[in-house]
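Participant: Dropping a structure here in structure tokens format, bear with me for questions.
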Amino acid sequence: MSEATFIIDAMHCGACTGRVERALMAQPGVQNASANLMARSAHVEFDGPADLESLKTALDQAGYPGRLKEEMANGPSAAERQMQEARQLKRQFLTALALTAPVFVLAMGAHMIPGMHHLIASTIGMQASWWVQMILTALVLAFPGRVFLRIGVPALLRGSPEMNSLVAMGSLAAFVYSALVTLAPSLLPEAARGVYFEAAATIVTLILLGRWLEARAKGRAGEAISRLIGLQPKTARVQTENGVEERPIEELTPGDILLLAPGERVALDGVIAEGAGHIDESMLTGEPVPVAKSEGDPITGGTVNGESALSYRVTATGGDTVLSRIIAMVEAAQGAKLPVQALVDKVTRVFVPVVMALSLLTFAIWMIAGMGFSHAFVAAISVMIIACPCAMGLATPVSILVGTGRGAELGLLFRRGDALQRLSEVAVVGFDKTGTLTEGHPALTDLEPLADLPETEILALAAGAEARSEHPLARAILAEAETRGIAHAPVKRVKALSGKGLRAQAEGAKLWIGNAGAMEEAGADIAPHAERAKALAAKGRTPVWMSLDDRPVALMALSDPIKPEAREVVDALHKAGKQVAMVTGDTRATAEAVGHDLGIDRIEAEVLPDGKRDAVETLRQIGPVAFVGDGINDAPALAAADVGLAIGTGTDVAIEAAEVVLMRGDPNGVAMALELSRAVMRNIRQNLFWAFAYNVALIPVAMGILVPFGGPGLSPMLAAGAMAFSSVFVVTNALRLRRAPR
């Protein structure tokens with residue numbers, strides 16, 4: 001499968017996205033096409049080599065010219081294009097407002113201000129007033145309102161009308177009819193000689209106002225991506241043979257040595273070559289505490305240096321950097337189409353033609369009812385103007401845009417947008433144990449002398465032997481000895497005992513360290529201490545014996561400490577009504593001890609890596625499953641789950657298999673991601689309710705059905721104001737997600 005993304009500025013409503021998708025899907029080899037109104041883009045997946053020119057041609061023929069995203073790489077960014085559009089719409093609105101104000105005063109002043117009608121008639125005269133209104137309205141339509149005619153009329157002629165077509169038809173109908181009354185009044189009966197220039201001009205002005213406010217709100221919706229892009233400096237100081245040079249980051253290559261001043265932002269991913277200090281990684285991980293770094297430690301582009309001067313060697317540039325990959329992930333998620341969007345697509349596909357039919361029906365009904373041409377004409381225009389496919393088209397993508405951007409700020413990366421919806425629907429959250437709920441590395445928790453040997457000597461002997469071992473448990477003993485400042489005792493002839501432990505030669509005696517099997521081989525009697533060992537095992541700790549010859553001298557216990565945040569996340573998930581499960585390869589006793597301590601509902605223990613996928617299927621009997629893991633062995637379960645969440649500090653394999661990446665190393669991100677997904681879906685439902693309810697309720701009002709028979713219905717000006725407000729409402733409501741989760 002190949003893929004491409006087109007930037008399509010001509011999309012303005014939900015009907016547009018549907019037509020773009022159908023135009024692309026009709027091309028040979030295209031397997032999937034998804035248009036996004038908020039991002040003004042279309043993502044295409046196709047089988048075999050890309051025939052991009054044919055795709056471009058298809059978009060041109062459909063009336064939606066597209067440019068490949070790659071072709072615009074050196075041009076303005078999406079945020080910059082959004083700002084340019086907002087500035088252009090502001091100019092158009094202010095121009096339209098200046099031209100419309102006199103028209104409105106001349107037309108409506110006679111109805112609203114006592115004596116105004118007589119004043120106009122006695123000075124310039126009503127005919128001259130109509131001429132002034134006609135000229136000013138023509139200027140409104142020809143200049144600031146030209147965008148509706150330029151896009152809407154060709155779309156209508158192609159038989160694929162959209163929102164601009166509705167505005168163009170409504171405003172043109174009002175203008176042409178009024179111009180006819182002004183220029184050739186004798187062609188119409190005296191009762192029908194009314195002008196509606198103010199309606200045509202005000203429709204354009206109010207909708208331009210709505211679009212300007214909407215564009216401004218959209219710009220705020222995409223601020224998260226803009227901030228991420230802004231994290232990367234444009235230049236960096238490079239150490240060369242000729243001294244220090246400042247170069248654009250585009251010219252840097254892996255291996256370059258860069259200098260980093262105190263408080264300076266890291267330009268690219270790298271490894272510290274000289275110096276030590278703290279790096280603030282909060283802008284990428286959400287973790288507020290600066291991280292200590294020294295020579296050999298990795299640092300990430302976009303983070304901020306502390307108070308130390310450092311130098312580092314570049315390891316990744318361009319799209320290979322962590323920051324670039326994060327931006328790509330977020331952009332991919334923002335362009336996704338959620339399952340809930342399917343209903344909207346079905347409605348918007350027929351929405352505009354249905355509205356046009358209702359407009360004609362409204363005109364016919366009021367003419368048949370004897371209400372006269374003027375009443376029927378105004379009602380028909382109002383129906384055409386008040387319908388808003390824009391709000392329906394924006395309802396879902398704007399919430400996804402803001403929600404995924406907010407997630408990026410919190411260190412929650414949704415690699416696929418539909419994971420937002422599926423995560424909110426899960427019934428059970430399964431966790432891997434090691435490295436996810438626990439620290440991932442064992443620690444010495446207990447040390448009990450069983451003879452007259454002091455603890456320091458026991459640890460010195462154990463560390464001397466374990467220094468030759470590569471077993472994970474050995475590192476725990478070595479770490480404890482190092483923490484206490486205990487030197488290793490001299491031992492020799494260390495030999496590993498498969499599945500048991502190890503044997504070594506200490507001064508004057510054989511040293512044995514390991515499980516009960518090792519003690520049995522040593523001939524040491526541990527029966528008197530068996531109950532104590534059993535109690536330690538019941539707590540999820542691993543008993544480790546030590547003997548000199550056949551004399552037991554110590555009982556130690558090792559365990560993988562539970563992360564401090566683990567209890568918090570389990571409690572939070574329970575409060576959210578989710579069941580919590582743990583899937584681990586550890587022994588049942590250890591797993592049950594950890595599970596009991598954390599209050600976990602279901603425990604799947606002694607599970608092999610390939611069995612974790614089966615464990616997910618077992619959990620699915622409860623309902624949709626989310627699985628959280630960090631290791632290579634978790635990848636099958638992450639892929640099999642309805643939603644896979646990978647701890648960002650884990651392996652690349654786990655991260656690639658997951659739909660959500662938790663940049664922080666703690667599991668609290670799971671509860672935060674769940675809360676964010678629920679907030680986004682709640683916001684989407686609010687937007688969809690508003691978009692549908694608005695049209696369902698106000699179209700009948702515009703038709704005059706919901707007012708007393710013969711009543712005035714809804715004026716085209718009020719209809720235009722309501723239409724403009726509907727889109728602004730949807731975008732503004734989505735902006736509330738910038739403060740989620742609370």
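Identifiers in the structure tokens: chain A, B, ... in order shown; residue index from 1 per chain; ligand index from 1 in order shown.
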Apply DSSP to the structure's backbone, then extract all residues of region 321-527 of chain A labelled alpha helix (DSSP H) and return them as JSON, numbers by chain.

Facilitator: {"A": [322, 323, 324, 325, 326, 327, 328, 329, 330, 331, 332, 333, 334, 341, 342, 343, 344, 345, 346, 347, 348, 349, 350, 351, 352, 353, 354, 355, 356, 357, 358, 359, 360, 361, 362, 363, 364, 365, 366, 367, 368, 373, 374, 375, 376, 377, 378, 379, 380, 381, 382, 383, 384, 385, 386, 389, 390, 391, 392, 393, 394, 395, 396, 397, 398, 399, 400, 401, 402, 403, 404, 405, 406, 407, 408, 409, 418, 419, 420, 421, 422, 423, 424, 455, 456, 457, 458, 459, 460, 461, 462, 463, 464, 465, 466, 472, 473, 474, 475, 476, 477, 478, 479, 480, 481, 482, 483, 484, 516, 517, 518, 519, 520, 521, 522]}

Participant: Could you state the separation of CA of Glu250 (chain A) and CA of Leu310 (chain A) in Å, given to one decimal place?

Facilitator: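 We find that CA of Glu250 (chain A) and CA of Leu310 (chain A) lie 21.3 Å from each other.
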
Participant: Would you return as a ChimeraX atom specification the members of region 382-611 of chain A that DSSP assigns to strand (DSSP E or B) on this structure's backbone?

Facilitator: /A:412-414,428-432,438,443-449,492-497,501-506,509-514,542-548,551-559,562,579-583,602-604

Participant: Could you name the residues that touch Ala626 (chain A) at 9 Å or less, counting only C-alpha atoms, but leaving out those on the same chain fewer than 5 positions away, as a count of residues only?

Facilitator: 15

Participant: Neighbours of Ser399 (chain A) within 8 Å (only C-alpha atoms; same-chain residues fewer than 3 positions away dropped), as number ranges by chain?

Facilitator: A: 395-396, 402-403, 680, 683-684, 731, 734-735, 737

Participant: Return as JSON lines the residues of region 337-409 of chain A lying at most 12 Å from region 654-668 of chain A, together with the closest atom-to-atom pair for each and the distance in Å to one decimal, counting only C-alpha atoms, with rows in chain order and ascending residue number.

Facilitator:
{"residue": "A:Thr404", "atom": "CA", "partner": "A:Val660", "partner_atom": "CA", "distance": 10.6}
{"residue": "A:Gly407", "atom": "CA", "partner": "A:Leu662", "partner_atom": "CA", "distance": 9.6}
{"residue": "A:Ala408", "atom": "CA", "partner": "A:Met663", "partner_atom": "CA", "distance": 9.0}
{"residue": "A:Glu409", "atom": "CA", "partner": "A:Met663", "partner_atom": "CA", "distance": 10.2}

Participant: For Arg541 (chain A), find every residue with an atom within 9 Å (counting only C-alpha atoms), except residues of its own chain fewer than 5 positions away, and show them as number ranges by chain.

Facilitator: A: 445, 535-536, 557-560, 589-590, 593

Participant: For each of A:Ala35, A:Leu323, A:Ala702, A:Val153, take the minimum atom-to-atom distance to His375 (chain A), counting only C-alpha atoms, then give the residue where this is smallest.

Facilitator: A:Ala702

Participant: From the set A:Glu162, A:Glu480, A:Glu439, A:Glu190, which residue has the shortest atom-to-atom contact distance to Glu565 (chain A), counting only C-alpha atoms?

Facilitator: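 The shortest atom-to-atom distance to Glu565 (chain A) comes from A:Glu439.
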
Participant: If we count only C-alpha atoms, what is near Lys293 (chain A) at a cut-off of 6 Å, once residues fewer than 6 positions away on the same chain are taken out, given as a ChimeraX atom specification?

Facilitator: /A:276-278

Participant: Those same residues, written as an mmCIF file, in the first residue's frame with N, CA, C and O atoms?

Facilitator:
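The resulting file, part12.cif, is reproduced below:
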data_model
loop_
_atom_site.group_PDB
_atom_site.id
_atom_site.type_symbol
_atom_site.label_atom_id
_atom_site.label_comp_id
_atom_site.auth_asym_id
_atom_site.auth_seq_id
_atom_site.Cartn_x
_atom_site.Cartn_y
_atom_site.Cartn_z
ATOM 1 N N ALA A 276 27.641 17.699 32.179
ATOM 2 C CA ALA A 276 26.526 17.071 32.884
ATOM 3 C C ALA A 276 25.611 18.175 33.388
ATOM 4 O O ALA A 276 26.050 19.289 33.698
ATOM 5 N N GLY A 277 24.320 17.875 33.461
ATOM 6 C CA GLY A 277 23.358 18.862 33.927
ATOM 7 C C GLY A 277 21.959 18.292 33.909
ATOM 8 O O GLY A 277 21.763 17.069 33.887
ATOM 9 N N HIS A 278 20.967 19.176 33.912
ATOM 10 C CA HIS A 278 19.566 18.762 33.903
ATOM 11 C C HIS A 278 18.882 19.294 32.647
ATOM 12 O O HIS A 278 19.148 20.414 32.205
#

Participant: Could you list, as a short mmCIF file (atom, residue, chain, number, x, y, z; two decimals) with N, CA, C and O atoms, in the first residue's frame, every residue within 12 Å of Val344 (chain A), counting only C-alpha atoms and ignoring same-chain residues fewer than 6 positions away?

Facilitator:
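Listed below is the output, out.cif:
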data_model
loop_
_atom_site.label_atom_id
_atom_site.label_comp_id
_atom_site.auth_asym_id
_atom_site.auth_seq_id
_atom_site.Cartn_x
_atom_site.Cartn_y
_atom_site.Cartn_z
N CYS A 13 -17.46 22.68 3.49
CA CYS A 13 -18.56 22.11 4.28
C CYS A 13 -18.52 20.58 4.19
O CYS A 13 -17.70 20.01 3.46
N GLY A 14 -19.41 19.95 4.95
CA GLY A 14 -19.43 18.49 4.98
C GLY A 14 -19.73 17.88 3.62
O GLY A 14 -19.25 16.80 3.29
N ALA A 15 -20.53 18.58 2.80
CA ALA A 15 -20.84 18.07 1.47
C ALA A 15 -19.58 18.02 0.62
O ALA A 15 -19.40 17.11 -0.21
N THR A 17 -16.43 17.44 1.63
CA THR A 17 -15.57 16.31 1.98
C THR A 17 -16.08 15.02 1.35
O THR A 17 -15.31 14.19 0.88
N GLY A 18 -17.39 14.86 1.33
CA GLY A 18 -17.96 13.66 0.72
C GLY A 18 -17.66 13.58 -0.76
O GLY A 18 -17.33 12.51 -1.29
N LYS A 337 -10.69 9.69 10.57
CA LYS A 337 -12.15 9.80 10.58
C LYS A 337 -12.69 8.76 11.55
O LYS A 337 -12.46 7.56 11.39
N LEU A 338 -13.40 9.20 12.58
CA LEU A 338 -13.94 8.30 13.59
C LEU A 338 -15.17 7.57 13.07
O LEU A 338 -15.89 8.08 12.20
N VAL A 350 -26.55 14.19 1.01
CA VAL A 350 -27.81 14.60 0.36
C VAL A 350 -28.32 15.92 0.92
O VAL A 350 -29.38 16.40 0.51
N PHE A 351 -27.58 16.51 1.85
CA PHE A 351 -28.11 17.65 2.59
C PHE A 351 -28.43 18.84 1.69
O PHE A 351 -29.54 19.38 1.70
N PRO A 389 -24.54 22.97 6.43
CA PRO A 389 -23.75 21.73 6.40
C PRO A 389 -22.37 21.93 7.00
O PRO A 389 -21.66 20.98 7.29
N CYS A 390 -21.97 23.20 7.16
CA CYS A 390 -20.66 23.51 7.73
C CYS A 390 -20.53 22.95 9.14
O CYS A 390 -19.54 22.32 9.49
N ALA A 391 -21.53 23.25 9.98
CA ALA A 391 -21.48 22.82 11.37
C ALA A 391 -21.39 21.31 11.46
O ALA A 391 -20.67 20.76 12.30
N MET A 392 -22.13 20.61 10.59
CA MET A 392 -22.09 19.14 10.61
C MET A 392 -20.72 18.62 10.18
O MET A 392 -20.20 17.66 10.75
N GLY A 393 -20.15 19.26 9.17
CA GLY A 393 -18.85 18.81 8.69
C GLY A 393 -17.72 19.05 9.68
O GLY A 393 -16.75 18.31 9.72
N LEU A 394 -17.87 20.10 10.51
CA LEU A 394 -16.82 20.44 11.46
C LEU A 394 -16.96 19.71 12.79
O LEU A 394 -15.99 19.62 13.56
N ALA A 395 -18.15 19.21 13.10
CA ALA A 395 -18.46 18.71 14.45
C ALA A 395 -17.44 17.70 14.96
O ALA A 395 -16.98 17.79 16.10
N THR A 396 -17.07 16.73 14.14
CA THR A 396 -16.14 15.69 14.58
C THR A 396 -14.67 16.09 14.42
O THR A 396 -13.89 16.00 15.37
N PRO A 397 -14.24 16.55 13.22
CA PRO A 397 -12.79 16.81 13.06
C PRO A 397 -12.24 17.89 13.96
O PRO A 397 -11.09 17.81 14.39
N ILE A 684 -17.76 15.71 20.97
CA ILE A 684 -18.25 15.39 19.62
C ILE A 684 -19.76 15.21 19.64
O ILE A 684 -20.48 15.70 18.76
N ARG A 685 -20.29 14.50 20.65
CA ARG A 685 -21.74 14.31 20.73
C ARG A 685 -22.47 15.64 20.90
O ARG A 685 -23.54 15.85 20.31
N ASN A 687 -21.40 18.55 19.80
CA ASN A 687 -21.32 19.23 18.51
C ASN A 687 -22.32 18.66 17.50
O ASN A 687 -22.98 19.39 16.77
N LEU A 688 -22.38 17.33 17.45
CA LEU A 688 -23.30 16.69 16.50
C LEU A 688 -24.75 17.00 16.86
O LEU A 688 -25.58 17.24 15.97
N PHE A 689 -25.05 16.98 18.16
CA PHE A 689 -26.42 17.31 18.57
C PHE A 689 -26.77 18.73 18.13
O PHE A 689 -27.84 18.98 17.57
N ALA A 691 -25.35 20.55 15.72
CA ALA A 691 -25.39 20.68 14.26
C ALA A 691 -26.68 20.12 13.68
O ALA A 691 -27.32 20.74 12.82
N PHE A 692 -27.10 18.94 14.18
CA PHE A 692 -28.33 18.34 13.66
C PHE A 692 -29.56 19.06 14.19
O PHE A 692 -30.50 19.36 13.45
#

Participant: Find the nearest atom pair between each residue of region 289-379 of chain A and region 262-272 of chain A for residues within 12 Å, count only C-alpha atoms, give distances in Å to one decimal, sort rows by chain and ascending number, and present the table as JSON lines.

Facilitator:
{"residue": "A:Ala292", "atom": "CA", "partner": "A:Ile272", "partner_atom": "CA", "distance": 11.5}
{"residue": "A:Lys293", "atom": "CA", "partner": "A:Ile272", "partner_atom": "CA", "distance": 7.8}
{"residue": "A:Ser294", "atom": "CA", "partner": "A:Ile272", "partner_atom": "CA", "distance": 6.5}
{"residue": "A:Glu295", "atom": "CA", "partner": "A:Ile272", "partner_atom": "CA", "distance": 4.9}
{"residue": "A:Gly296", "atom": "CA", "partner": "A:Ile272", "partner_atom": "CA", "distance": 5.3}
{"residue": "A:Asp297", "atom": "CA", "partner": "A:Val271", "partner_atom": "CA", "distance": 5.5}
{"residue": "A:Pro298", "atom": "CA", "partner": "A:Val271", "partner_atom": "CA", "distance": 4.3}
{"residue": "A:Ile299", "atom": "CA", "partner": "A:Gly270", "partner_atom": "CA", "distance": 5.4}
{"residue": "A:Thr300", "atom": "CA", "partner": "A:Asp269", "partner_atom": "CA", "distance": 4.4}
{"residue": "A:Gly301", "atom": "CA", "partner": "A:Leu268", "partner_atom": "CA", "distance": 4.0}
{"residue": "A:Gly302", "atom": "CA", "partner": "A:Val266", "partner_atom": "CA", "distance": 5.3}
{"residue": "A:Thr303", "atom": "CA", "partner": "A:Val266", "partner_atom": "CA", "distance": 5.5}
{"residue": "A:Val304", "atom": "CA", "partner": "A:Arg265", "partner_atom": "CA", "distance": 4.3}
{"residue": "A:Asn305", "atom": "CA", "partner": "A:Gly263", "partner_atom": "CA", "distance": 5.0}
{"residue": "A:Gly306", "atom": "CA", "partner": "A:Gly263", "partner_atom": "CA", "distance": 5.3}
{"residue": "A:Glu307", "atom": "CA", "partner": "A:Pro262", "partner_atom": "CA", "distance": 4.5}
{"residue": "A:Ser308", "atom": "CA", "partner": "A:Pro262", "partner_atom": "CA", "distance": 5.2}
{"residue": "A:Ala309", "atom": "CA", "partner": "A:Pro262", "partner_atom": "CA", "distance": 5.3}
{"residue": "A:Leu310", "atom": "CA", "partner": "A:Ile272", "partner_atom": "CA", "distance": 7.2}
{"residue": "A:Ser311", "atom": "CA", "partner": "A:Ile272", "partner_atom": "CA", "distance": 6.1}
{"residue": "A:Tyr312", "atom": "CA", "partner": "A:Ile272", "partner_atom": "CA", "distance": 4.1}
{"residue": "A:Arg313", "atom": "CA", "partner": "A:Gly270", "partner_atom": "CA", "distance": 5.2}
{"residue": "A:Val314", "atom": "CA", "partner": "A:Gly270", "partner_atom": "CA", "distance": 4.2}
{"residue": "A:Thr315", "atom": "CA", "partner": "A:Gly270", "partner_atom": "CA", "distance": 4.6}
{"residue": "A:Ala316", "atom": "CA", "partner": "A:Asp269", "partner_atom": "CA", "distance": 5.4}
{"residue": "A:Thr317", "atom": "CA", "partner": "A:Leu268", "partner_atom": "CA", "distance": 6.3}
{"residue": "A:Gly318", "atom": "CA", "partner": "A:Leu268", "partner_atom": "CA", "distance": 8.5}
{"residue": "A:Gly319", "atom": "CA", "partner": "A:Leu268", "partner_atom": "CA", "distance": 10.6}
{"residue": "A:Asp320", "atom": "CA", "partner": "A:Asp269", "partner_atom": "CA", "distance": 8.9}
{"residue": "A:Thr321", "atom": "CA", "partner": "A:Asp269", "partner_atom": "CA", "distance": 5.9}
{"residue": "A:Val322", "atom": "CA", "partner": "A:Asp269", "partner_atom": "CA", "distance": 7.1}
{"residue": "A:Leu323", "atom": "CA", "partner": "A:Asp269", "partner_atom": "CA", "distance": 8.6}
{"residue": "A:Ser324", "atom": "CA", "partner": "A:Leu268", "partner_atom": "CA", "distance": 9.9}
{"residue": "A:Arg325", "atom": "CA", "partner": "A:Asp269", "partner_atom": "CA", "distance": 11.6}

Participant: Keeping only N, CA and C atoms, take the residues you just selected and write them out as a compact mmCIF listing (two decimals), in the first residue's frame.

Facilitator:
# COMPACT_ATOMS: atom_id res chain seq x y z
N ALA A 292 18.18 14.52 35.11
CA ALA A 292 19.64 14.61 35.17
C ALA A 292 20.25 13.89 33.97
N LYS A 293 21.25 14.52 33.35
CA LYS A 293 21.92 13.94 32.19
C LYS A 293 23.43 14.09 32.36
N SER A 294 24.16 13.08 31.87
CA SER A 294 25.62 13.14 31.89
C SER A 294 26.14 12.51 30.60
N GLU A 295 27.44 12.44 30.46
CA GLU A 295 28.03 11.94 29.22
C GLU A 295 27.47 10.57 28.85
N GLY A 296 27.08 10.43 27.57
CA GLY A 296 26.52 9.18 27.08
C GLY A 296 25.01 9.10 27.16
N ASP A 297 24.38 10.02 27.88
CA ASP A 297 22.92 10.01 28.00
C ASP A 297 22.28 10.66 26.78
N PRO A 298 21.14 10.13 26.33
CA PRO A 298 20.46 10.72 25.17
C PRO A 298 19.69 11.98 25.56
N ILE A 299 19.63 12.94 24.66
CA ILE A 299 18.78 14.12 24.84
C ILE A 299 17.94 14.29 23.58
N THR A 300 16.82 14.98 23.72
CA THR A 300 15.82 15.06 22.65
C THR A 300 15.66 16.48 22.16
N GLY A 301 15.59 16.64 20.85
CA GLY A 301 15.36 17.96 20.26
C GLY A 301 14.06 18.56 20.76
N GLY A 302 14.09 19.86 21.05
CA GLY A 302 12.91 20.54 21.55
C GLY A 302 12.89 20.72 23.05
N THR A 303 13.73 19.95 23.78
CA THR A 303 13.80 20.10 25.24
C THR A 303 14.72 21.28 25.58
N VAL A 304 14.74 21.66 26.86
CA VAL A 304 15.47 22.87 27.27
C VAL A 304 16.58 22.51 28.25
N ASN A 305 17.78 23.01 27.98
CA ASN A 305 18.92 22.78 28.86
C ASN A 305 18.77 23.59 30.15
N GLY A 306 19.35 23.06 31.22
CA GLY A 306 19.31 23.75 32.50
C GLY A 306 20.40 24.79 32.61
N GLU A 307 21.16 24.74 33.69
CA GLU A 307 22.14 25.79 33.96
C GLU A 307 23.56 25.39 33.59
N SER A 308 23.74 24.25 32.95
CA SER A 308 25.09 23.79 32.60
C SER A 308 25.35 23.95 31.11
N ALA A 309 26.58 24.24 30.75
CA ALA A 309 26.99 24.27 29.35
C ALA A 309 27.34 22.84 28.93
N LEU A 310 26.76 22.38 27.83
CA LEU A 310 26.96 21.00 27.38
C LEU A 310 27.36 21.00 25.91
N SER A 311 27.92 19.88 25.48
CA SER A 311 28.07 19.62 24.05
C SER A 311 27.51 18.23 23.79
N TYR A 312 26.92 18.05 22.61
CA TYR A 312 26.33 16.75 22.32
C TYR A 312 26.51 16.40 20.85
N ARG A 313 26.51 15.09 20.60
CA ARG A 313 26.69 14.57 19.25
C ARG A 313 25.33 14.25 18.65
N VAL A 314 25.06 14.75 17.46
CA VAL A 314 23.76 14.55 16.80
C VAL A 314 23.59 13.09 16.41
N THR A 315 22.44 12.53 16.72
CA THR A 315 22.14 11.15 16.34
C THR A 315 20.99 11.03 15.33
N ALA A 316 20.15 12.06 15.22
CA ALA A 316 19.02 12.00 14.29
C ALA A 316 18.71 13.40 13.79
N THR A 317 18.31 13.47 12.51
CA THR A 317 17.95 14.76 11.91
C THR A 317 16.65 14.60 11.13
N GLY A 318 16.07 15.73 10.72
CA GLY A 318 14.88 15.71 9.87
C GLY A 318 13.74 14.94 10.48
N GLY A 319 13.12 14.09 9.66
CA GLY A 319 11.96 13.33 10.09
C GLY A 319 12.27 12.20 11.04
N ASP A 320 13.56 11.94 11.29
CA ASP A 320 13.94 10.84 12.19
C ASP A 320 13.97 11.27 13.66
N THR A 321 13.86 12.56 13.94
CA THR A 321 13.92 13.00 15.33
C THR A 321 12.65 12.65 16.07
N VAL A 322 12.74 12.56 17.39
CA VAL A 322 11.57 12.25 18.21
C VAL A 322 10.49 13.30 18.01
N LEU A 323 10.88 14.57 17.99
CA LEU A 323 9.90 15.65 17.84
C LEU A 323 9.17 15.54 16.50
N SER A 324 9.91 15.26 15.42
CA SER A 324 9.29 15.12 14.10
C SER A 324 8.33 13.94 14.08
N ARG A 325 8.72 12.85 14.72
CA ARG A 325 7.84 11.68 14.74
C ARG A 325 6.58 11.97 15.56

Participant: Rank A:Val355, A:Leu206, A:Ile486, A:Cys16 by their smallest atom-to-atom distance to Gly63 (chain A), using only C-alpha atoms, and report the top residue only.

Facilitator: A:Cys16

Participant: Find, counting only C-alpha atoms, the residue in A:Pro543, A:Gly210, A:Pro741, A:Pro154 that gets nearest to Lys90 (chain A).

Facilitator: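 Of all the options, A:Gly210 lies closest to Lys90 (chain A).
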